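Raw contents of final_7.txt, compact mmCIF, C-alpha atoms:
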# COMPACT_ATOMS: atom_id res chain seq x y z
CA MET A 1 -142.38 0.66 -6.80
CA MET A 2 -143.74 -1.84 -9.34
CA LEU A 3 -143.90 0.90 -11.97
CA ALA A 4 -140.34 2.06 -11.26
CA LEU A 5 -139.09 -1.54 -11.51
CA SER A 6 -140.99 -2.04 -14.77
CA ARG A 7 -139.56 1.19 -16.18
CA ALA A 8 -136.05 0.10 -15.21
CA LEU A 9 -136.56 -3.29 -16.90
CA VAL A 10 -137.81 -1.64 -20.11
CA ALA A 11 -134.83 0.75 -20.05
CA LEU A 12 -132.49 -2.23 -19.60
CA ALA A 13 -134.21 -4.06 -22.45
CA CYS A 14 -133.77 -1.00 -24.70
CA HIS A 15 -130.10 -0.82 -23.72
CA CYS A 16 -129.64 -4.51 -24.57
CA LEU A 17 -131.23 -4.01 -27.98
CA GLY A 18 -128.45 -1.54 -28.79
CA GLU A 19 -127.93 0.94 -31.56
CA GLY A 20 -128.93 -1.41 -34.37
CA ARG A 21 -132.41 -1.86 -32.90
CA ARG A 22 -132.97 1.64 -31.57
CA GLU A 23 -136.26 2.05 -33.44
CA TRP A 24 -137.59 -1.16 -31.89
CA ALA A 25 -136.44 0.01 -28.46
CA GLN A 26 -138.38 3.26 -28.92
CA ALA A 27 -141.40 1.28 -30.06
CA MET A 28 -141.26 -0.81 -26.87
CA GLN A 29 -140.98 2.31 -24.73
CA VAL A 30 -144.03 3.91 -26.35
CA GLU A 31 -146.06 0.69 -26.01
CA PHE A 32 -145.05 0.55 -22.34
CA ASP A 33 -147.51 3.44 -21.79
CA ALA A 34 -150.28 1.24 -23.21
CA ALA A 35 -149.22 -1.55 -20.82
CA ILE A 36 -149.42 0.89 -17.88
CA GLU A 37 -152.93 1.94 -18.93
CA ASP A 38 -153.84 -1.74 -19.16
CA GLY A 39 -152.48 -2.30 -15.63
CA ARG A 40 -149.84 -4.82 -16.78
CA PRO A 41 -146.55 -2.93 -16.91
CA LEU A 42 -144.42 -5.58 -15.19
CA PRO A 43 -145.28 -8.58 -17.43
CA PHE A 44 -144.77 -6.33 -20.46
CA ALA A 45 -141.39 -5.11 -19.14
CA ILE A 46 -140.20 -8.63 -18.24
CA GLY A 47 -141.20 -9.83 -21.70
CA CYS A 48 -139.32 -6.96 -23.37
CA LEU A 49 -136.20 -7.72 -21.37
CA TRP A 50 -136.45 -11.45 -22.09
CA GLY A 51 -136.89 -10.75 -25.80
CA ALA A 52 -133.97 -8.32 -25.85
CA LEU A 53 -131.70 -10.80 -24.03
CA ARG A 54 -132.60 -13.53 -26.51
CA GLU A 55 -131.72 -11.15 -29.34
CA LEU A 56 -128.24 -10.44 -27.95
CA PRO A 57 -126.35 -13.49 -29.29
CA LEU A 58 -128.06 -13.23 -32.69
CA ARG A 59 -126.38 -9.93 -33.67
CA GLU A 60 -122.70 -9.01 -33.81
CA GLU A 61 -123.27 -5.98 -31.60
CA GLY A 62 -124.98 -8.22 -29.04
CA ARG A 63 -122.17 -10.76 -29.18
CA PHE A 64 -119.71 -7.95 -28.58
CA VAL A 65 -121.69 -6.73 -25.55
CA LEU A 66 -121.85 -10.28 -24.13
CA THR A 67 -118.11 -10.82 -24.66
CA ASN A 68 -117.28 -7.44 -23.13
CA TYR A 69 -119.35 -8.10 -20.01
CA THR A 70 -118.03 -11.67 -19.69
CA LEU A 71 -114.42 -10.49 -19.82
CA ALA A 72 -115.02 -7.56 -17.47
CA LEU A 73 -116.96 -9.58 -14.88
CA GLY A 74 -115.35 -12.98 -15.43
CA ILE A 75 -111.68 -12.07 -15.81
CA MET A 76 -110.87 -8.47 -14.90
CA LEU A 77 -112.82 -8.40 -11.62
CA PRO A 78 -111.47 -11.76 -10.33
CA MET A 79 -107.91 -10.70 -11.28
CA ALA A 80 -108.39 -7.42 -9.41
CA ALA A 81 -109.78 -9.33 -6.42
CA VAL A 82 -106.76 -11.69 -6.40
CA GLN A 83 -104.29 -8.79 -6.48
CA ILE A 84 -106.06 -6.67 -3.90
CA GLY A 85 -106.58 -9.77 -1.73
CA CYS A 86 -102.89 -10.61 -2.07
CA ALA A 87 -101.99 -7.09 -0.93
CA VAL A 88 -104.44 -7.12 1.98
CA PHE A 89 -103.65 -10.66 3.25
CA SER A 90 -99.87 -10.33 3.64
CA LEU A 91 -98.91 -11.12 0.03
CA PRO A 92 -99.51 -14.91 0.16
CA TYR A 93 -99.35 -15.40 -3.61
CA LEU A 94 -96.17 -13.42 -4.21
CA PHE A 95 -93.95 -16.10 -2.75
CA ALA A 96 -93.56 -19.78 -3.63
CA GLY A 97 -95.55 -22.02 -1.29
CA HIS A 98 -98.23 -19.35 -0.89
CA GLU A 99 -97.20 -18.69 2.72
CA GLY A 100 -96.17 -15.10 2.30
CA LEU A 101 -92.91 -13.54 3.40
CA ARG A 102 -92.75 -15.54 6.63
CA GLY A 103 -92.78 -18.83 4.72
CA THR A 104 -89.82 -17.88 2.54
CA LEU A 105 -87.40 -17.04 5.35
CA ALA A 106 -85.44 -19.73 7.14
CA PRO A 107 -85.03 -19.11 10.92
CA GLY A 108 -81.48 -17.79 10.47
CA GLN A 109 -82.44 -15.63 7.52
CA ALA A 110 -85.29 -14.12 9.47
CA GLN A 111 -82.86 -12.86 12.10
CA LEU A 112 -80.37 -11.52 9.57
CA PHE A 113 -82.57 -10.08 6.81
CA GLY A 114 -86.06 -10.03 8.32
CA GLY A 115 -85.98 -6.30 9.05
CA ALA A 116 -84.75 -5.38 5.58
CA TYR A 117 -87.30 -7.62 3.90
CA ARG A 118 -90.11 -6.33 6.06
CA ALA A 119 -89.15 -2.80 5.07
CA ALA A 120 -89.85 -3.74 1.44
CA ILE A 121 -93.38 -4.94 2.21
CA PRO A 122 -95.17 -1.53 2.08
CA SER A 123 -93.78 -0.84 -1.40
CA LEU A 124 -94.81 -4.29 -2.63
CA THR A 125 -98.24 -3.90 -1.10
CA LEU A 126 -98.67 -0.49 -2.72
CA LEU A 127 -97.65 -1.82 -6.14
CA LEU A 128 -100.10 -4.71 -5.85
CA LEU A 129 -102.90 -2.43 -4.67
CA LEU A 130 -102.24 -0.09 -7.59
CA SER A 131 -102.28 -3.04 -9.97
CA GLY A 132 -105.54 -4.39 -8.52
CA ALA A 133 -107.20 -0.97 -8.52
CA GLY A 134 -106.05 -0.52 -12.12
CA GLN A 135 -107.73 -3.79 -13.10
CA LEU A 136 -110.97 -2.64 -11.43
CA ARG A 137 -110.76 0.61 -13.38
CA ILE A 138 -110.18 -1.31 -16.61
CA ALA A 139 -113.29 -3.44 -15.93
CA TRP A 140 -115.35 -0.27 -15.52
CA LEU A 141 -113.82 1.43 -18.58
CA MET A 142 -114.48 -1.69 -20.67
CA LEU A 143 -118.19 -1.40 -19.92
CA GLU A 144 -118.01 2.28 -20.90
CA ARG A 145 -116.08 1.24 -24.03
CA ASP A 146 -113.48 3.92 -23.36
CA TRP A 147 -110.60 2.12 -25.05
CA SER A 148 -108.06 4.96 -24.90
CA ARG A 149 -108.31 4.99 -21.08
CA VAL A 150 -108.27 1.20 -21.01
CA THR A 151 -104.95 1.32 -22.90
CA SER A 152 -103.40 4.01 -20.67
CA THR A 153 -104.51 2.19 -17.49
CA GLY A 154 -103.23 -1.10 -18.91
CA MET A 155 -99.84 0.47 -19.57
CA ALA A 156 -99.72 1.85 -16.01
CA ILE A 157 -100.51 -1.63 -14.60
CA LEU A 158 -97.90 -3.17 -16.85
CA ALA A 159 -95.33 -0.67 -15.50
CA ALA A 160 -96.37 -1.52 -11.91
CA VAL A 161 -96.08 -5.26 -12.53
CA ALA A 162 -92.71 -4.84 -14.31
CA THR A 163 -91.48 -2.91 -11.26
CA LEU A 164 -92.85 -5.67 -9.02
CA ILE A 165 -90.99 -8.33 -11.03
CA LEU A 166 -87.72 -6.39 -10.81
CA PHE A 167 -88.29 -5.76 -7.11
CA MET A 168 -89.05 -9.40 -6.31
CA GLY A 169 -86.20 -10.64 -8.48
CA SER A 170 -83.56 -8.36 -7.02
CA VAL A 171 -84.62 -8.23 -3.35
CA PHE A 172 -86.14 -11.67 -2.78
CA LEU A 173 -84.45 -13.58 -5.65
CA ASP A 174 -87.85 -15.11 -6.40
CA ALA A 175 -89.94 -13.50 -9.13
CA GLY A 176 -91.72 -16.68 -10.27
CA GLN A 177 -95.18 -15.74 -9.01
CA THR A 178 -94.98 -12.14 -10.21
CA VAL A 179 -93.75 -13.26 -13.66
CA THR A 180 -96.88 -15.45 -13.84
CA GLN A 181 -99.02 -12.44 -12.92
CA GLY A 182 -97.21 -10.37 -15.54
CA ALA A 183 -97.82 -13.04 -18.18
CA VAL A 184 -101.55 -13.15 -17.33
CA LEU A 185 -101.67 -9.36 -17.53
CA ALA A 186 -99.96 -9.39 -20.93
CA ILE A 187 -102.58 -11.89 -22.19
CA GLU A 188 -105.36 -9.70 -20.76
CA LEU A 189 -103.99 -6.63 -22.54
CA ALA A 190 -103.71 -8.54 -25.81
CA VAL A 191 -107.36 -9.64 -25.46
CA LEU A 192 -108.39 -6.04 -24.68
CA THR A 193 -106.60 -4.83 -27.81
CA GLY A 194 -108.56 -7.35 -29.86
CA LEU A 195 -111.79 -6.28 -28.15
CA SER A 196 -111.17 -2.58 -28.88
CA ARG A 197 -110.49 -3.44 -32.57
CA TRP A 198 -113.74 -5.41 -32.70
CA HIS A 199 -115.59 -2.43 -31.21
CA ALA A 200 -113.99 -0.10 -33.77
CA GLU A 201 -115.14 -2.40 -36.60
CA LEU A 202 -118.69 -2.28 -35.23
CA ASN A 203 -118.50 1.52 -35.40
CA LEU A 204 -120.79 2.06 -32.40
CA PRO A 205 -120.84 5.20 -30.25
CA PRO A 206 -119.97 4.83 -26.55
CA PRO A 207 -123.03 4.20 -24.31
CA GLU A 208 -123.15 7.73 -22.83
CA ARG A 209 -123.79 9.18 -26.29
CA GLN A 210 -126.39 6.60 -27.28
CA GLY A 211 -129.22 8.40 -25.57
CA ALA A 212 -128.33 11.71 -27.28
CA MET B 213 -139.49 -13.45 -49.61
CA ILE B 214 -141.81 -16.30 -48.77
CA ARG B 215 -140.32 -19.02 -46.59
CA ASN B 216 -140.56 -22.66 -47.66
CA ARG B 217 -140.55 -23.97 -44.08
CA ARG B 218 -143.92 -23.85 -42.34
CA PRO B 219 -143.99 -20.88 -39.95
CA SER B 220 -144.20 -21.34 -36.19
CA LYS B 221 -147.53 -21.30 -34.34
CA GLN B 222 -146.74 -17.82 -33.03
CA MET B 223 -146.00 -16.50 -36.51
CA ILE B 224 -149.19 -18.05 -37.87
CA SER B 225 -151.27 -16.38 -35.16
CA LEU B 226 -149.62 -13.05 -35.99
CA LEU B 227 -150.20 -13.55 -39.72
CA VAL B 228 -153.86 -14.34 -39.04
CA VAL B 229 -154.35 -11.20 -36.92
CA LEU B 230 -152.52 -9.01 -39.44
CA SER B 231 -154.19 -10.52 -42.48
CA ASP B 232 -156.80 -7.73 -42.56
CA ARG B 233 -153.83 -5.53 -43.69
CA GLN B 234 -154.71 -2.79 -41.23
CA TRP B 235 -152.00 -0.96 -39.27
CA ARG B 236 -151.86 -2.43 -35.74
CA HIS B 237 -149.89 -1.35 -32.68
CA GLY B 238 -147.63 -3.68 -30.70
CA TYR B 239 -149.77 -3.80 -27.57
CA ASP B 240 -152.95 -4.42 -29.60
CA LEU B 241 -151.18 -7.28 -31.36
CA MET B 242 -150.19 -8.75 -28.00
CA LYS B 243 -153.78 -8.75 -26.88
CA ALA B 244 -155.15 -10.04 -30.20
CA THR B 245 -152.63 -12.89 -30.55
CA GLY B 246 -152.13 -13.71 -26.88
CA LEU B 247 -148.36 -13.49 -27.41
CA LEU B 248 -146.14 -11.99 -24.72
CA SER B 249 -143.97 -8.98 -25.50
CA GLY B 250 -140.86 -11.18 -25.28
CA THR B 251 -142.20 -13.31 -28.13
CA LEU B 252 -144.00 -10.66 -30.16
CA TYR B 253 -141.20 -8.13 -30.61
CA PRO B 254 -138.46 -10.56 -31.71
CA LEU B 255 -141.02 -12.10 -34.08
CA LEU B 256 -141.95 -8.70 -35.52
CA MET B 257 -138.26 -7.85 -35.94
CA ARG B 258 -137.62 -11.10 -37.78
CA MET B 259 -140.72 -10.77 -39.98
CA THR B 260 -139.78 -7.18 -40.85
CA GLU B 261 -136.29 -8.33 -41.86
CA GLN B 262 -137.83 -11.07 -43.96
CA GLY B 263 -140.03 -8.53 -45.71
CA LEU B 264 -143.26 -10.04 -44.38
CA VAL B 265 -144.22 -7.09 -42.18
CA GLU B 266 -143.72 -3.36 -42.62
CA ALA B 267 -143.39 -0.98 -39.68
CA GLU B 268 -144.17 2.71 -39.55
CA TRP B 269 -144.41 5.45 -36.93
CA ARG B 270 -148.01 6.66 -36.94
CA GLU B 271 -149.65 9.55 -35.16
CA PRO B 272 -151.80 8.40 -32.22
CA ALA B 273 -155.57 8.70 -32.11
CA GLN B 274 -155.36 10.79 -28.91
CA ALA B 275 -153.71 14.20 -29.13
CA GLY B 276 -150.65 14.85 -26.96
CA ARG B 277 -149.43 11.26 -27.15
CA PRO B 278 -146.18 10.29 -28.86
CA PRO B 279 -146.29 8.55 -32.26
CA ARG B 280 -146.65 4.78 -32.02
CA HIS B 281 -144.96 2.07 -34.04
CA ALA B 282 -147.53 0.29 -36.15
CA TYR B 283 -147.28 -2.87 -38.22
CA ARG B 284 -149.05 -4.43 -41.15
CA LEU B 285 -148.38 -7.23 -43.63
CA THR B 286 -146.51 -6.53 -46.84
CA ALA B 287 -147.67 -8.11 -50.12
CA ASN B 288 -145.32 -11.06 -49.41
CA GLY B 289 -146.62 -11.39 -45.88
CA TYR B 290 -150.20 -11.31 -47.12
CA ALA B 291 -149.40 -13.97 -49.74
CA LEU B 292 -147.90 -16.17 -47.02
CA ALA B 293 -150.96 -15.64 -44.82
CA GLN B 294 -153.21 -16.64 -47.75
CA ASP B 295 -151.05 -19.65 -48.50
CA ILE B 296 -151.27 -20.85 -44.91
CA ALA B 297 -155.02 -20.25 -44.82
CA LEU B 298 -155.39 -22.36 -48.01
CA GLN B 299 -153.21 -25.16 -46.62
CA ASP B 300 -155.13 -25.17 -43.36
CA GLY B 301 -158.41 -25.17 -45.31
CA ALA B 302 -157.24 -28.16 -47.38
CA LEU B 303 -156.14 -30.00 -44.24
CA ALA B 304 -159.47 -29.29 -42.57
CA ALA B 305 -161.35 -30.51 -45.65
CA LYS B 306 -159.21 -33.70 -45.71
CA ALA B 307 -159.95 -34.27 -42.03
CA VAL B 308 -163.76 -34.13 -42.46
CA ARG B 309 -163.78 -36.24 -45.68
CA PRO B 310 -165.04 -39.80 -44.85
Could I get this structure in the form of structure tokens?
Amino acid sequence: MMLALSRALVALACHCLGEGRREWAQAMQVEFDAAIEDGRPLPFAIGCLWGALRELPLREEGRFVLTNYTLALGIMLPMAAVQIGCAVFSLPYLFAGHEGLRGTLAPGQAQLFGGAYRAAIPSLTLLLLLSGAGQLRIAWLMLERDWSRVTSTGMAILAAVATLILFMGSVFLDAGQTVTQGAVLAIELAVLTGLSRWHAELNLPPPERQGA
Amino acid sequence: MIRNRRPSKQMISLLVVLSDRQWRHGYDLMKATGLLSGTLYPLLMRMTEQGLVEAEWREPAQAGRPPRHAYRLTANGYALAQDIALQDGALAAKAVRP
């Protein structure tokens, strides 16, 4: 168990060191055998990981990795959670006042249009779920540095949100919240474009080919 | 290139251990200097970039083992080690002078 954990930590340290320090990563892996023979694999592995993490902000490749993870975990995942949560909990954030469809309808309206509005809910929910799932997929693809799929997924989400804005504007005459979501998405996509350009300038292979 | 700023304690201990100009492996250096791997490897990387240490893959003493990364001081690194030894010697002499 201890050995497996130590091995995993050394592998993580080598991954953090990246392509620019591949020789040093290999050196650490070979010396790990000496640490095992000495009966101290875990302190060696923790030290390697600590050293590799401290190296990250000092190199451009490391700064890119940190930025990529921060955006994926700090922005894309929370955005996906908000959209999926909105779809699951009766669309509270799609309508002004955050009270969902029920909050937007006056008592008279509810009797007249309630049925028609309620009929629109499954489509809205589906669009939001697709948008949230798309953001989750983008977060994953960012970590894989698969920018072509990030772009295609981003375009699909943009189409879903544009449909949502049209839907909300025409059926509910209130697209304020969805326009805000669309604006945030547009900013996200612009940031992702910048990130993919940065990655291209670094000229690094995607992670799955690094071990080859 | 020799640095003007006095090296850190960790770097000095590494310079002292490597000053015999023999090839040494990473784990041996950890044991000889008392440095942890998280300190030793970044230090070795930095010293290699500064031209103080050279690194080379060397065949292991035992057959069937993979080559190991070994390190030794370059001429610049050795000069820095000598310089520090001289400074420390002068300081020590000053300290014992009445």
Grab all the atoms of region 232-235 of chain B that the file lists, wrap them in a box along x, y and z, add 5 Å per side, and give me centre plus edge lengths in Å (one decimal) as AutoDock Vina command-line options.
--center_x -154.4 --center_y -4.3 --center_z -41.5 --size_x 14.8 --size_y 16.8 --size_z 14.4
Margin query: Measuring between all atoms listed in the file, which one of B:Pro254, B:Arg270, B:Tyr283, B:Gln262 shows the shortest distance to chain A?
Written below: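 Among the listed residues, the smallest separation from chain A belongs to B:Pro254.
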Item checked: chain B contacts to chain A at 9 Å (only C-alpha atoms) as a list in words ->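 Selected residues: His237, Gly238, Tyr239, Asp240, Leu248, Ser249, Gly250, Thr251, Leu252, Tyr253, Pro254, Met257, Trp269, Pro278, Pro279, Arg280, His281 and Ala282 of chain B.
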Output of the above residues as an mmCIF file, keeping the file's coordinate frame, restricted to C-alpha atoms:
data_model
loop_
_atom_site.group_PDB
_atom_site.id
_atom_site.type_symbol
_atom_site.label_atom_id
_atom_site.label_comp_id
_atom_site.auth_asym_id
_atom_site.auth_seq_id
_atom_site.Cartn_x
_atom_site.Cartn_y
_atom_site.Cartn_z
ATOM 1 C CA HIS B 237 -149.890 -1.350 -32.680
ATOM 2 C CA GLY B 238 -147.630 -3.680 -30.700
ATOM 3 C CA TYR B 239 -149.770 -3.800 -27.570
ATOM 4 C CA ASP B 240 -152.950 -4.420 -29.600
ATOM 5 C CA LEU B 248 -146.140 -11.990 -24.720
ATOM 6 C CA SER B 249 -143.970 -8.980 -25.500
ATOM 7 C CA GLY B 250 -140.860 -11.180 -25.280
ATOM 8 C CA THR B 251 -142.200 -13.310 -28.130
ATOM 9 C CA LEU B 252 -144.000 -10.660 -30.160
ATOM 10 C CA TYR B 253 -141.200 -8.130 -30.610
ATOM 11 C CA PRO B 254 -138.460 -10.560 -31.710
ATOM 12 C CA MET B 257 -138.260 -7.850 -35.940
ATOM 13 C CA TRP B 269 -144.410 5.450 -36.930
ATOM 14 C CA PRO B 278 -146.180 10.290 -28.860
ATOM 15 C CA PRO B 279 -146.290 8.550 -32.260
ATOM 16 C CA ARG B 280 -146.650 4.780 -32.020
ATOM 17 C CA HIS B 281 -144.960 2.070 -34.040
ATOM 18 C CA ALA B 282 -147.530 0.290 -36.150
#
Notebook entry, point to check: Can you tell me how far CA of Thr245 (chain B) sits from CA of Met1 (chain A), in Å to one decimal?
Noted result: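 Computing it gives 29.2 Å between the two atoms.
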Check: Which value, in Å to one decimal, gives the distance between CA of Ala133 (chain A) and CA of Ala80 (chain A)?
Finding: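 Between CA of Ala133 (chain A) and CA of Ala80 (chain A) the gap is 6.6 Å.
Here the question is which of A:Ala175, A:Trp147, A:Ala162, A:Gln181 gets nearest to Arg197 (chain A) using only C-alpha atoms, and that residue is A:Trp147.
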Notebook entry, point to check: What does the distance from CA of Arg258 (chain B) to CA of Gln222 (chain B) come to in Å, to one decimal?
Noted result: 12.3 Å
Check: Hey, what's within 12 Å of Leu66 (chain A) if we count all atoms listed in the file and toss same-chain stuff fewer than 5 positions away? As a PyMOL selection string, please?
Finding: chain A and resi 16-18+53-61+71-74+142-143+195
Next item on the list: Determine, counting all atoms listed in the file, which protein, DNA and RNA residues have an atom within 10 Å of an atom of Leu264 (chain B); residues of the same chain fewer than 5 positions away are not included. Present the result as a PyMOL selection string.
Entry: chain B and resi 213-215+227+256+258-259+284-293
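Using only C-alpha atoms for every distance, the candidate list B:Asp300, B:Ala275, B:Glu266, B:Arg217 yields B:Glu266 as the residue closest to Leu230 (chain B).
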Next item on the list: Tell me which protein, DNA and RNA residues are within 9 Å of Arg7 (chain A), counting all atoms listed in the file, leaving out same-chain ones fewer than 3 positions away, and put them as a list in words.
Entry: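 In the requested form, the answer reads Met2, Leu3, Ala4, Val10, Ala11, Leu12, Gln29, Phe32, Pro41, Leu42 and Ala45 of chain A.
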Next item on the list: For Ser196 (chain A), work out the shell of residues within 8 Å, counting all atoms listed in the file and skipping chain neighbours fewer than 4 positions away, then give it as a list of chain:residue names.
Entry: A:Arg145, A:Trp147, A:Leu192, A:Ala200
Next item on the list: Find the residues around Val184 (chain A) up to 10 Å (all atoms listed in the file counted), leave out those fewer than 6 positions away in its own chain, and share them as a ChimeraX atom specification.
Entry: /A:79,178,190
